[in-house]
>>> print(open('target.pdb').read())   # PDB, C-alpha atoms and all ligand atoms
MODEL        1
ATOM      1  CA  MET A   1      82.176  78.601 119.749
ATOM      2  CA  LYS A   2      81.815  82.160 118.551
ATOM      3  CA  THR A   3      81.117  82.160 114.838
ATOM      4  CA  ASP A   4      80.482  85.777 113.925
ATOM      5  CA  ASP A   5      82.420  88.443 115.731
ATOM      6  CA  PRO A   6      81.553  91.942 114.509
ATOM      7  CA  THR A   7      84.739  93.395 116.004
ATOM      8  CA  ARG A   8      87.150  90.781 114.655
ATOM      9  CA  TRP A   9      90.526  92.309 113.754
ATOM     10  CA  GLY A  10      89.478  95.477 115.520
ATOM     11  CA  VAL A  11      87.050  96.252 112.718
ATOM     12  CA  THR A  12      83.670  97.315 113.865
ATOM     13  CA  SER A  13      82.235  95.302 111.035
ATOM     14  CA  LEU A  14      82.386  97.257 107.796
ATOM     15  CA  ARG A  15      78.898  96.117 106.902
ATOM     16  CA  LEU A  16      77.562  97.790 110.047
ATOM     17  CA  GLN A  17      79.163 101.121 109.152
ATOM     18  CA  ARG A  18      77.769 103.734 106.853
ATOM     19  CA  PRO A  19      80.260 106.623 106.705
ATOM     20  CA  GLU A  20      79.126 110.116 105.764
ATOM     21  CA  HIS A  21      81.782 110.688 103.112
ATOM     22  CA  VAL A  22      83.531 108.950 100.276
ATOM     23  CA  TYR A  23      86.420 110.054  98.070
ATOM     24  CA  PHE A  24      85.088 109.698  94.534
ATOM     25  CA  ASP A  25      85.851 111.350  91.181
ATOM     26  CA  GLY A  26      88.721 113.408  92.613
ATOM     27  CA  ALA A  27      87.078 114.837  95.755
ATOM     28  CA  VAL A  28      85.494 114.033  99.107
ATOM     29  CA  ARG A  29      81.739 113.808  98.489
ATOM     30  CA  PRO A  30      78.606 112.720 100.350
ATOM     31  CA  TRP A  31      78.409 108.912 100.616
ATOM     32  CA  GLN A  32      75.248 108.644  98.524
ATOM     33  CA  ASP A  33      76.794 110.553  95.600
ATOM     34  CA  ALA A  34      79.235 107.743  94.674
ATOM     35  CA  SER A  35      77.746 105.492  92.009
ATOM     36  CA  PHE A  36      78.735 103.897  88.698
ATOM     37  CA  HIS A  37      76.631 103.010  85.724
ATOM     38  CA  VAL A  38      75.563  99.359  85.428
ATOM     39  CA  SER A  39      77.363  99.121  82.065
ATOM     40  CA  THR A  40      80.875  99.804  83.466
ATOM     41  CA  GLU A  41      83.444  97.021  83.682
ATOM     42  CA  ALA A  42      83.636  97.802  87.412
ATOM     43  CA  VAL A  43      80.091  96.487  87.662
ATOM     44  CA  VAL A  44      79.825  93.996  84.787
ATOM     45  CA  ARG A  45      83.145  92.201  85.373
ATOM     46  CA  GLY A  46      83.921  93.303  88.933
ATOM     47  CA  LEU A  47      87.003  94.962  87.472
ATOM     48  CA  ASN A  48      89.048  96.841  90.030
ATOM     49  CA  VAL A  49      92.238  96.694  92.050
ATOM     50  CA  PHE A  50      92.375  97.734  95.658
ATOM     51  CA  GLU A  51      94.393  98.219  98.808
ATOM     52  CA  GLY A  52      93.449  98.072 102.470
ATOM     53  CA  LEU A  53      95.215 100.843 104.398
ATOM     54  CA  LYS A  54      95.442 101.259 108.129
ATOM     55  CA  GLY A  55      96.061 104.426 110.124
ATOM     56  CA  HIS A  56      96.714 104.494 113.855
ATOM     57  CA  TRP A  57      96.655 107.061 116.602
ATOM     58  CA  GLN A  58     100.183 107.579 117.903
ATOM     59  CA  VAL A  59     101.301 107.962 121.505
ATOM     60  CA  ASN A  60     102.351 111.538 120.705
ATOM     61  CA  GLY A  61      98.739 112.425 119.816
ATOM     62  CA  GLN A  62      99.280 112.439 116.030
ATOM     63  CA  PHE A  63      97.429 110.191 113.616
ATOM     64  CA  ALA A  64      99.613 108.332 111.105
ATOM     65  CA  TRP A  65      99.137 106.010 108.135
ATOM     66  CA  ARG A  66     101.329 102.918 107.787
ATOM     67  CA  THR A  67     103.415 102.269 104.643
ATOM     68  CA  LEU A  68     101.255 104.335 102.276
ATOM     69  CA  GLN A  69     103.878 104.375  99.548
ATOM     70  CA  ARG A  70     104.171 100.585  99.550
ATOM     71  CA  HIS A  71     100.398 100.307  99.157
ATOM     72  CA  TYR A  72     100.482 102.770  96.265
ATOM     73  CA  GLU A  73     103.231 100.771  94.582
ATOM     74  CA  ARG A  74     101.417  97.455  95.024
ATOM     75  CA  MET A  75      98.244  99.004  93.633
ATOM     76  CA  ARG A  76     100.233 100.091  90.571
ATOM     77  CA  ARG A  77     101.556  96.534  90.139
ATOM     78  CA  SER A  78      98.062  95.027  90.436
ATOM     79  CA  ALA A  79      96.742  97.604  87.953
ATOM     80  CA  ARG A  80      99.601  96.932  85.548
ATOM     81  CA  LEU A  81      98.834  93.209  85.492
ATOM     82  CA  LEU A  82      95.193  93.961  84.641
ATOM     83  CA  HIS A  83      96.007  96.716  82.104
ATOM     84  CA  ILE A  84      94.347  99.392  84.196
ATOM     85  CA  PRO A  85      95.957 102.831  83.789
ATOM     86  CA  VAL A  86      97.029 104.684  86.954
ATOM     87  CA  ASP A  87      97.090 108.394  86.168
ATOM     88  CA  PHE A  88      97.888 109.783  89.623
ATOM     89  CA  SER A  89     101.188 110.197  91.453
ATOM     90  CA  TYR A  90     102.027 108.955  94.919
ATOM     91  CA  GLN A  91     101.603 112.513  96.181
ATOM     92  CA  GLN A  92      98.087 112.696  94.752
ATOM     93  CA  PHE A  93      97.272 109.339  96.341
ATOM     94  CA  GLU A  94      98.530 110.526  99.723
ATOM     95  CA  ASP A  95      96.585 113.786  99.403
ATOM     96  CA  ALA A  96      93.411 111.794  98.681
ATOM     97  CA  VAL A  97      93.973 109.510 101.700
ATOM     98  CA  PHE A  98      94.532 112.534 103.942
ATOM     99  CA  ALA A  99      91.416 114.222 102.556
ATOM    100  CA  ILE A 100      89.129 111.295 103.458
ATOM    101  CA  THR A 101      90.954 110.995 106.798
ATOM    102  CA  ARG A 102      90.098 114.588 107.697
ATOM    103  CA  ALA A 103      86.475 113.896 106.806
ATOM    104  CA  GLU A 104      86.060 110.692 108.832
ATOM    105  CA  LEU A 105      88.619 110.633 111.650
ATOM    106  CA  ILE A 106      87.526 110.870 115.283
ATOM    107  CA  ARG A 107      89.677 110.757 118.408
ATOM    108  CA  GLU A 108      88.431 107.442 119.766
ATOM    109  CA  LYS A 109      88.964 105.260 116.671
ATOM    110  CA  ASP A 110      91.638 104.209 114.229
ATOM    111  CA  LEU A 111      90.804 104.189 110.514
ATOM    112  CA  TYR A 112      90.803 101.596 107.771
ATOM    113  CA  VAL A 113      90.657 102.931 104.226
ATOM    114  CA  ARG A 114      89.779 100.782 101.266
ATOM    115  CA  ALA A 115      91.440 102.399  98.254
ATOM    116  CA  THR A 116      89.858 100.982  95.102
ATOM    117  CA  LEU A 117      90.598 101.745  91.501
ATOM    118  CA  PHE A 118      87.355 100.981  89.676
ATOM    119  CA  VAL A 119      87.227 100.686  85.885
ATOM    120  CA  VAL A 120      84.573 103.209  84.922
ATOM    121  CA  ALA A 121      85.012 103.373  81.138
ATOM    122  CA  GLY A 122      86.294 101.137  78.334
ATOM    123  CA  HIS A 123      85.683  97.587  77.245
ATOM    124  CA  TYR A 124      87.977  94.522  77.289
ATOM    125  CA  GLY A 125      91.157  96.591  77.424
ATOM    126  CA  GLU A 126      90.082  99.264  74.921
ATOM    127  CA  GLY A 127      89.829 102.816  76.265
ATOM    128  CA  THR A 128      90.180 101.768  79.911
ATOM    129  CA  VAL A 129      89.621 104.574  82.422
ATOM    130  CA  ALA A 130      89.743 104.073  86.193
ATOM    131  CA  ASP A 131      88.599 106.157  89.147
ATOM    132  CA  LEU A 132      90.220 106.093  92.591
ATOM    133  CA  VAL A 133      87.600 105.630  95.302
ATOM    134  CA  LEU A 134      88.387 105.757  99.020
ATOM    135  CA  THR A 135      86.015 104.551 101.709
ATOM    136  CA  ALA A 136      87.027 105.018 105.349
ATOM    137  CA  TYR A 137      85.825 102.862 108.226
ATOM    138  CA  ARG A 138      86.381 103.425 111.918
ATOM    139  CA  GLN A 139      88.093 100.746 113.945
ATOM    140  CA  GLU A 140      88.832  99.860 117.517
ATOM    141  CA  THR A 141      92.276 100.974 118.674
ATOM    142  CA  THR A 142      92.874  97.677 120.478
ATOM    143  CA  PRO A 143      94.905  94.788 118.989
ATOM    144  CA  PRO A 144      93.038  91.805 117.520
ATOM    145  CA  ALA A 145      92.036  88.911 119.797
ATOM    146  CA  PRO A 146      92.953  85.255 119.022
ATOM    147  CA  ILE A 147      90.667  83.384 116.642
ATOM    148  CA  THR A 148      89.775  79.852 115.587
ATOM    149  CA  ALA A 149      90.408  78.712 112.009
ATOM    150  CA  GLY A 150      89.805  75.791 109.704
ATOM    151  CA  VAL A 151      91.208  74.621 106.381
ATOM    152  CA  SER A 152      88.818  75.366 103.537
ATOM    153  CA  THR A 153      87.824  72.884 100.862
ATOM    154  CA  TRP A 154      88.115  75.825  98.425
ATOM    155  CA  ARG A 155      91.555  76.460  96.964
ATOM    156  CA  ARG A 156      93.627  79.433  95.890
ATOM    157  CA  SER A 157      93.726  79.715  92.095
ATOM    158  CA  PRO A 158      97.073  79.095  90.405
ATOM    159  CA  ASP A 159      99.086  81.954  88.911
ATOM    160  CA  VAL A 160      98.045  81.002  85.377
ATOM    161  CA  SER A 161      94.333  81.263  86.249
ATOM    162  CA  MET A 162      94.064  84.231  88.592
ATOM    163  CA  PRO A 163      97.376  85.404  90.064
ATOM    164  CA  ALA A 164      97.134  85.732  93.855
ATOM    165  CA  ARG A 165      99.494  88.710  93.687
ATOM    166  CA  ILE A 166      96.818  90.794  91.941
ATOM    167  CA  LYS A 167      94.805  92.464  94.658
ATOM    168  CA  THR A 168      91.514  92.578  92.811
ATOM    169  CA  SER A 169      88.029  91.926  94.154
ATOM    170  CA  THR A 170      87.409  88.971  91.860
ATOM    171  CA  ASN A 171      90.222  87.162  93.702
ATOM    172  CA  TYR A 172      88.065  87.426  96.818
ATOM    173  CA  GLN A 173      85.139  85.392  95.490
ATOM    174  CA  ILE A 174      86.986  82.353  96.824
ATOM    175  CA  ALA A 175      87.569  84.134 100.138
ATOM    176  CA  ARG A 176      83.857  84.715 100.352
ATOM    177  CA  LEU A 177      83.073  81.052  99.721
ATOM    178  CA  ALA A 178      85.674  79.980 102.286
ATOM    179  CA  ARG A 179      84.278  82.426 104.818
ATOM    180  CA  ILE A 180      80.762  81.090 104.313
ATOM    181  CA  GLU A 181      82.069  77.545 104.651
ATOM    182  CA  GLY A 182      83.989  78.524 107.798
ATOM    183  CA  LYS A 183      80.930  80.056 109.332
ATOM    184  CA  SER A 184      78.893  76.911 108.799
ATOM    185  CA  ARG A 185      81.683  74.874 110.413
ATOM    186  CA  GLY A 186      82.035  77.277 113.346
ATOM    187  CA  TYR A 187      85.393  78.877 112.526
ATOM    188  CA  GLN A 188      86.186  82.579 112.558
ATOM    189  CA  ASP A 189      88.676  82.385 109.716
ATOM    190  CA  MET A 190      89.813  79.961 107.061
ATOM    191  CA  ILE A 191      93.062  78.820 105.465
ATOM    192  CA  LEU A 192      93.205  78.308 101.709
ATOM    193  CA  LEU A 193      95.406  75.595 100.272
ATOM    194  CA  ASN A 194      96.910  75.840  96.793
ATOM    195  CA  GLN A 195      96.340  73.413  93.931
ATOM    196  CA  ALA A 196      99.113  71.129  95.267
ATOM    197  CA  GLY A 197      97.387  70.899  98.651
ATOM    198  CA  ARG A 198      99.976  72.985 100.507
ATOM    199  CA  VAL A 199      99.163  76.093 102.520
ATOM    200  CA  ALA A 200      98.661  79.280 100.489
ATOM    201  CA  GLU A 201      97.375  81.855 103.005
ATOM    202  CA  GLY A 202      94.359  82.976 104.998
ATOM    203  CA  ILE A 203      91.407  84.550 103.246
ATOM    204  CA  GLY A 204      92.574  88.090 104.056
ATOM    205  CA  ALA A 205      95.973  87.574 105.641
ATOM    206  CA  CYS A 206      99.192  85.585 105.331
ATOM    207  CA  LEU A 207     100.038  82.624 107.517
ATOM    208  CA  LEU A 208     102.761  82.543 110.165
ATOM    209  CA  LEU A 209     103.690  79.148 111.583
ATOM    210  CA  VAL A 210     106.161  78.668 114.442
ATOM    211  CA  ARG A 211     108.193  75.516 114.923
ATOM    212  CA  ASP A 212     111.174  75.294 117.258
ATOM    213  CA  GLY A 213     111.484  79.035 117.685
ATOM    214  CA  ARG A 214     111.483  79.873 113.992
ATOM    215  CA  VAL A 215     108.674  81.503 112.018
ATOM    216  CA  TYR A 216     107.734  80.012 108.654
ATOM    217  CA  THR A 217     105.479  81.473 105.977
ATOM    218  CA  PRO A 218     104.656  80.271 102.443
ATOM    219  CA  PRO A 219     106.399  82.062  99.558
ATOM    220  CA  THR A 220     104.250  84.094  97.167
ATOM    221  CA  TRP A 221     104.461  81.369  94.515
ATOM    222  CA  GLU A 222     102.559  79.041  96.834
ATOM    223  CA  GLY A 223      99.543  81.311  96.289
ATOM    224  CA  ALA A 224      99.972  84.138  98.792
ATOM    225  CA  LEU A 225      99.568  87.849  98.287
ATOM    226  CA  GLU A 226     102.773  89.897  98.331
ATOM    227  CA  SER A 227     101.993  91.081 101.847
ATOM    228  CA  ILE A 228     103.330  94.408 103.025
ATOM    229  CA  THR A 229     102.835  93.497 106.694
ATOM    230  CA  LEU A 230     104.872  90.342 106.190
ATOM    231  CA  GLU A 231     107.769  92.461 104.937
ATOM    232  CA  MET A 232     107.469  94.616 108.069
ATOM    233  CA  ILE A 233     107.204  91.614 110.387
ATOM    234  CA  THR A 234     110.260  89.999 108.797
ATOM    235  CA  GLU A 235     112.339  93.091 109.547
ATOM    236  CA  LEU A 236     110.909  93.559 113.039
ATOM    237  CA  ALA A 237     111.557  89.906 113.805
ATOM    238  CA  ALA A 238     115.148  90.144 112.573
ATOM    239  CA  SER A 239     115.833  93.043 114.916
ATOM    240  CA  THR A 240     114.294  91.016 117.776
ATOM    241  CA  GLY A 241     116.525  88.005 116.976
ATOM    242  CA  ILE A 242     113.697  85.942 115.422
ATOM    243  CA  GLU A 243     114.087  84.459 111.960
ATOM    244  CA  VAL A 244     111.222  84.471 109.420
ATOM    245  CA  VAL A 245     111.771  81.807 106.753
ATOM    246  CA  ARG A 246     109.776  81.537 103.528
ATOM    247  CA  ARG A 247     109.249  77.936 102.558
ATOM    248  CA  PRO A 248     106.351  75.701 101.464
ATOM    249  CA  ILE A 249     104.134  74.548 104.342
ATOM    250  CA  ASP A 250     102.317  71.204 104.394
ATOM    251  CA  ARG A 251      98.773  71.006 105.670
ATOM    252  CA  SER A 252      99.815  68.554 108.395
ATOM    253  CA  GLU A 253     102.222  71.133 109.812
ATOM    254  CA  LEU A 254      99.221  73.276 110.693
ATOM    255  CA  TYR A 255      98.212  70.636 113.236
ATOM    256  CA  ILE A 256     101.594  70.125 114.919
ATOM    257  CA  ALA A 257     102.759  73.743 114.982
ATOM    258  CA  ASP A 258     103.904  75.360 118.230
ATOM    259  CA  GLU A 259     102.097  78.568 117.272
ATOM    260  CA  ILE A 260     100.072  79.836 114.326
ATOM    261  CA  GLY A 261      99.154  83.375 113.409
ATOM    262  CA  LEU A 262      97.661  85.375 110.588
ATOM    263  CA  THR A 263      99.318  88.569 109.478
ATOM    264  CA  GLY A 264      98.150  91.490 107.389
ATOM    265  CA  THR A 265      97.343  95.174 107.590
ATOM    266  CA  LEU A 266      94.115  94.473 109.490
ATOM    267  CA  ALA A 267      95.110  91.206 111.135
ATOM    268  CA  GLU A 268      98.419  92.682 112.443
ATOM    269  CA  ILE A 269      99.454  89.403 114.099
ATOM    270  CA  THR A 270      96.313  87.512 115.077
ATOM    271  CA  ARG A 271      97.002  84.345 117.048
ATOM    272  CA  VAL A 272      95.088  81.194 116.033
ATOM    273  CA  SER A 273      93.950  79.136 119.021
ATOM    274  CA  GLN A 274      92.520  76.200 117.095
ATOM    275  CA  MET A 275      93.061  74.778 113.606
ATOM    276  CA  ASP A 276      90.307  72.432 112.449
ATOM    277  CA  ASP A 277      89.899  69.895 115.281
ATOM    278  CA  PHE A 278      93.356  70.540 116.717
ATOM    279  CA  ALA A 279      93.788  72.896 119.693
ATOM    280  CA  LEU A 280      97.050  74.831 119.511
ATOM    281  CA  PRO A 281      99.224  75.420 122.598
ATOM    282  CA  ASP A 282      98.018  78.281 124.820
ATOM    283  CA  GLU A 283     101.513  79.700 125.146
ATOM    284  CA  THR A 284     102.565  81.762 122.114
ATOM    285  CA  PRO A 285     105.928  83.239 123.152
ATOM    286  CA  ILE A 286     107.210  84.039 119.657
ATOM    287  CA  LEU A 287     104.049  85.453 118.105
ATOM    288  CA  SER A 288     103.085  87.353 121.267
ATOM    289  CA  LYS A 289     106.509  88.988 121.294
ATOM    290  CA  LEU A 290     106.248  89.887 117.607
ATOM    291  CA  ALA A 291     102.673  91.132 117.967
ATOM    292  CA  GLN A 292     103.712  93.451 120.794
ATOM    293  CA  ARG A 293     106.738  94.691 118.845
ATOM    294  CA  TYR A 294     104.480  95.390 115.849
ATOM    295  CA  ARG A 295     101.950  97.272 118.007
ATOM    296  CA  ASP A 296     104.709  99.356 119.575
ATOM    297  CA  ALA A 297     105.966 100.265 116.096
ATOM    298  CA  ILE A 298     102.597 101.233 114.571
ATOM    299  CA  THR A 299     101.544 103.306 117.561
ATOM    300  CA  GLY A 300     104.868 105.117 117.892
ATOM    301  CA  VAL A 301     105.715 103.620 121.312
ATOM    302  CA  ASP A 302     108.881 102.148 119.816
ATOM    303  CA  PRO A 303     109.226 103.252 116.160
ATOM    304  CA  HIS A 304     111.083 101.006 113.736
ATOM    305  CA  PRO A 305     112.753 102.190 110.504
ATOM    306  CA  ALA A 306     110.953  99.495 108.460
ATOM    307  CA  MET A 307     107.591 100.804 109.600
ATOM    308  CA  GLU A 308     107.197 103.895 107.448
ATOM    309  CA  MET A 309     104.548 106.080 109.053
ATOM    310  CA  SER A 310     102.936 109.116 107.370
ATOM    311  CA  PRO A 311     101.540 111.448 110.030
ATOM    312  CA  LEU A 312      98.806 113.933 109.364
ATOM    313  CA  VAL A 313     100.647 117.196 109.833
ATOM    314  CA  GLU A 314      97.839 119.425 111.039
ATOM    315  CA  ALA A 315      95.526 118.607 113.961
ATOM    316  CA  PRO A 316      92.666 116.903 112.113
ATOM    317  CA  VAL A 317      89.781 116.265 114.457
ATOM    318  CA  GLY A 318      87.517 117.616 117.105
TER     319      GLY A 318
HETATM  320  N1  LIG B 401      96.514  87.907 101.762
HETATM  321  C1  LIG B 401      95.315  88.394 101.427
HETATM  322  C2  LIG B 401      94.435  87.555 100.566
HETATM  323  C3  LIG B 401      94.913  89.663 101.845
HETATM  324  O1  LIG B 401      93.707  90.154 101.493
HETATM  325  C4  LIG B 401      95.772  90.422 102.662
HETATM  326  C5  LIG B 401      95.352  91.778 103.167
HETATM  327  N2  LIG B 401      95.665  92.785 102.252
HETATM  328  C6  LIG B 401      97.026  89.885 102.993
HETATM  329  C7  LIG B 401      97.363  88.623 102.532
HETATM  330  C8  LIG B 401      98.019  90.670 103.798
HETATM  331  O2  LIG B 401      98.546  91.715 103.010
HETATM  332  P1  LIG B 401      98.996  93.074 103.659
HETATM  333  O3  LIG B 401      99.997  92.735 104.702
HETATM  334  O4  LIG B 401      99.631  93.835 102.563
HETATM  335  O5  LIG B 401      97.793  93.713 104.229
ENDMDL
END
>>> encode(input="target.pdb", output="C-alpha cells")
Amino acid sequence: MKTDDPTRWGVTSLRLQRPEHVYFDGAVRPWQDASFHVSTEAVVRGLNVFEGLKGHWQVNGQFAWRTLQRHYERMRRSARLLHIPVDFSYQQFEDAVFAITRAELIREKDLYVRATLFVVAGHYGEGTVADLVLTAYRQETTPPAPITAGVSTWRRSPDVSMPARIKTSTNYQIARLARIEGKSRGYQDMILLNQAGRVAEGIGACLLLVRDGRVYTPPTWEGALESITLEMITELAASTGIEVVRRPIDRSELYIADEIGLTGTLAEITRVSQMDDFALPDETPILSKLAQRYRDAITGVDPHPAMEMSPLVEAPVG
C-alpha cells in the first residue's frame, strides 16, 4: 500500500516546493524576506487564521480563481471569532492574490495559495495587529486519484474547546497527529470522529458518503469546517438531480457505504477506495459523476452559476 504520495490531491507536495516569492507586509517580496519576530503571537501561540485557495487554468486559456469572495468572508469570520482585526477590503484581498499569482504562475501548473493572517503585534487581545501573507504553490492540473483512509483515534475538539469552524493553524495540530497515525497504519488520509464518536470530517476535507443514490455529509455542528466546496457540490448535485443531505453519520456507516469521498478546495472530490479494513465498491457512479461535473465547472468546460470564478484579466505568464 502506498503510504506517502507526494502528488496527492494534485499537490506537488508543498514541503518539496520553495517558491521565489511571497506576499508579505503589503507587497510581493523575495521568499527569504518574510519573517516574524520570535516574540509575536503568530510564533508564540501559533495565532493566525488562514484560507486555502485554488486557481485553475480554463479551457479558454485564462487562469481563474475559485470563490475568492467566499474565502475572504470565511477568513473574516475566523478572524472575528479570534478577535483578530481585518483591515483590508475584499478588493485589496483579490489584488493581493492576483499579485502573487502573476509572480508564481506558469502555463503548465495550477496554483494553490495559502492566505494566512498572522498576528504580528499585540498580546492576549490587546493591541492585536495582523499581516496578510500569501504563499503560492504549483499544482498538477489533473484531478486527484482515489485514496485509502482510516478512522483516527484522535478526535475533533468540541465547539466549546476549539471550534472547528475557525480555520486556524492550531486546529490542525490534531490533523497532524492523525496524519502521522495514518501513515504508520498505511493510510493516505484519516477521518476524525467527534467527541460522541460520530464522523466529523477528514483532516483537510469534508466527508461525502453515498447510500442508495443519496449523498450524506455531517453538519457543521458535528465538528466539520464550514466548507465552501461542499456548498458548491450541493448546488452542482442539485442541478444534476442528486440530493446532498446533511445529517449525523455513524462510524459503522463508513464501512457499509456504497461510495465515500472527501471534498474540499484541494480534494475536489477524492474517492476513497478503502476505509480501515473494509474495501469499498469499485464502482462509484454518484461521486464519479459529481467529480466530473465539478471539474467541468472549475475548468470552464461547463460553467455553473454557483462556481464563482475570478479570471486574471491580463495575460499573466510566459
Ligand atoms: N475541513 C477541513 C479541516 C479543511 O482543512 C478543509 C479545507 N479547507 C475542508 C474541510 C474543506 O473546506 P473547503 O471546501 O472550504 O476547502
>>> resolve_selection(input="target.pdb", expression="the PyMOL selection byres (((not hetatm)) within 8 of (chain B and resi 401))", output="PyMOL selection string")
chain A and resi 51-53+71+164+167+172+175+201-206+224-231+263-268
>>> closest_residue(input="target.pdb", among="A:Ile166, A:Leu16, A:Ala238, A:Val210", to="Val272 in chain A", atoms="only C-alpha atoms")
A:Val210
>>> residues_around(input="target.pdb", residues="Ser288 in chain A", least_positions_apart="2", cutoff="10 Å", atoms="all atoms listed in the file", output="list in words")
Glu259, Gly261, Ile269, Thr270, Arg271, Glu283, Thr284, Pro285, Ile286, Leu290, Ala291, Gln292, Arg293 and Tyr294 of chain A
>>> write_last_selection(input="target.pdb", atoms="C-alpha atoms", output="JSON list (two decimals), in the coordinates of the input")
[["chain", "number", "residue", "atom", "x", "y", "z"],
["A", 259, "GLU", "CA", 102.10, 78.57, 117.27],
["A", 261, "GLY", "CA", 99.15, 83.38, 113.41],
["A", 269, "ILE", "CA", 99.45, 89.40, 114.10],
["A", 270, "THR", "CA", 96.31, 87.51, 115.08],
["A", 271, "ARG", "CA", 97.00, 84.34, 117.05],
["A", 283, "GLU", "CA", 101.51, 79.70, 125.15],
["A", 284, "THR", "CA", 102.56, 81.76, 122.11],
["A", 285, "PRO", "CA", 105.93, 83.24, 123.15],
["A", 286, "ILE", "CA", 107.21, 84.04, 119.66],
["A", 290, "LEU", "CA", 106.25, 89.89, 117.61],
["A", 291, "ALA", "CA", 102.67, 91.13, 117.97],
["A", 292, "GLN", "CA", 103.71, 93.45, 120.79],
["A", 293, "ARG", "CA", 106.74, 94.69, 118.84],
["A", 294, "TYR", "CA", 104.48, 95.39, 115.85]]
>>> residues_around(input="target.pdb", residues="Asp189 in chain A", least_positions_apart="3", cutoff="7 Å", atoms="all atoms listed in the file", output="ChimeraX atom specification")
/A:148-150,179,182
>>> residues_around(input="target.pdb", residues="His304 in chain A", least_positions_apart="2", cutoff="10 Å", atoms="only C-alpha atoms", output="ChimeraX atom specification")
/A:232,235-236,239,293-294,296-298,300-302,306-309
>>> residues_around(input="target.pdb", residues="Ala196 in chain A", least_positions_apart="6", cutoff="12 Å", atoms="all atoms listed in the file", output="ChimeraX atom specification")
/A:155-158,221-223,248-251
>>> residues_around(input="target.pdb", residues="Phe278 in chain A", least_positions_apart="5", cutoff="9 Å", atoms="only C-alpha atoms", output="list in words")
Leu254, Tyr255, Ile256 and Ser273 of chain A
>>> resolve_selection(input="target.pdb", expression="the PyMOL selection byres (((chain A and resi 32) around 9) and not hetatm)", output="VMD selection string")
chain A and resid 20 to 22 29 to 31 33 to 35
>>> atom_distance(input="target.pdb", atom1="CA of Arg165 in chain A", atom2="CA of Glu243 in chain A")
23.8 Å
>>> closest_residue(input="target.pdb", among="A:Asn60, A:Thr40, A:Thr168, A:Thr220", to="Leu81 in chain A", atoms="all atoms listed in the file")
A:Thr168
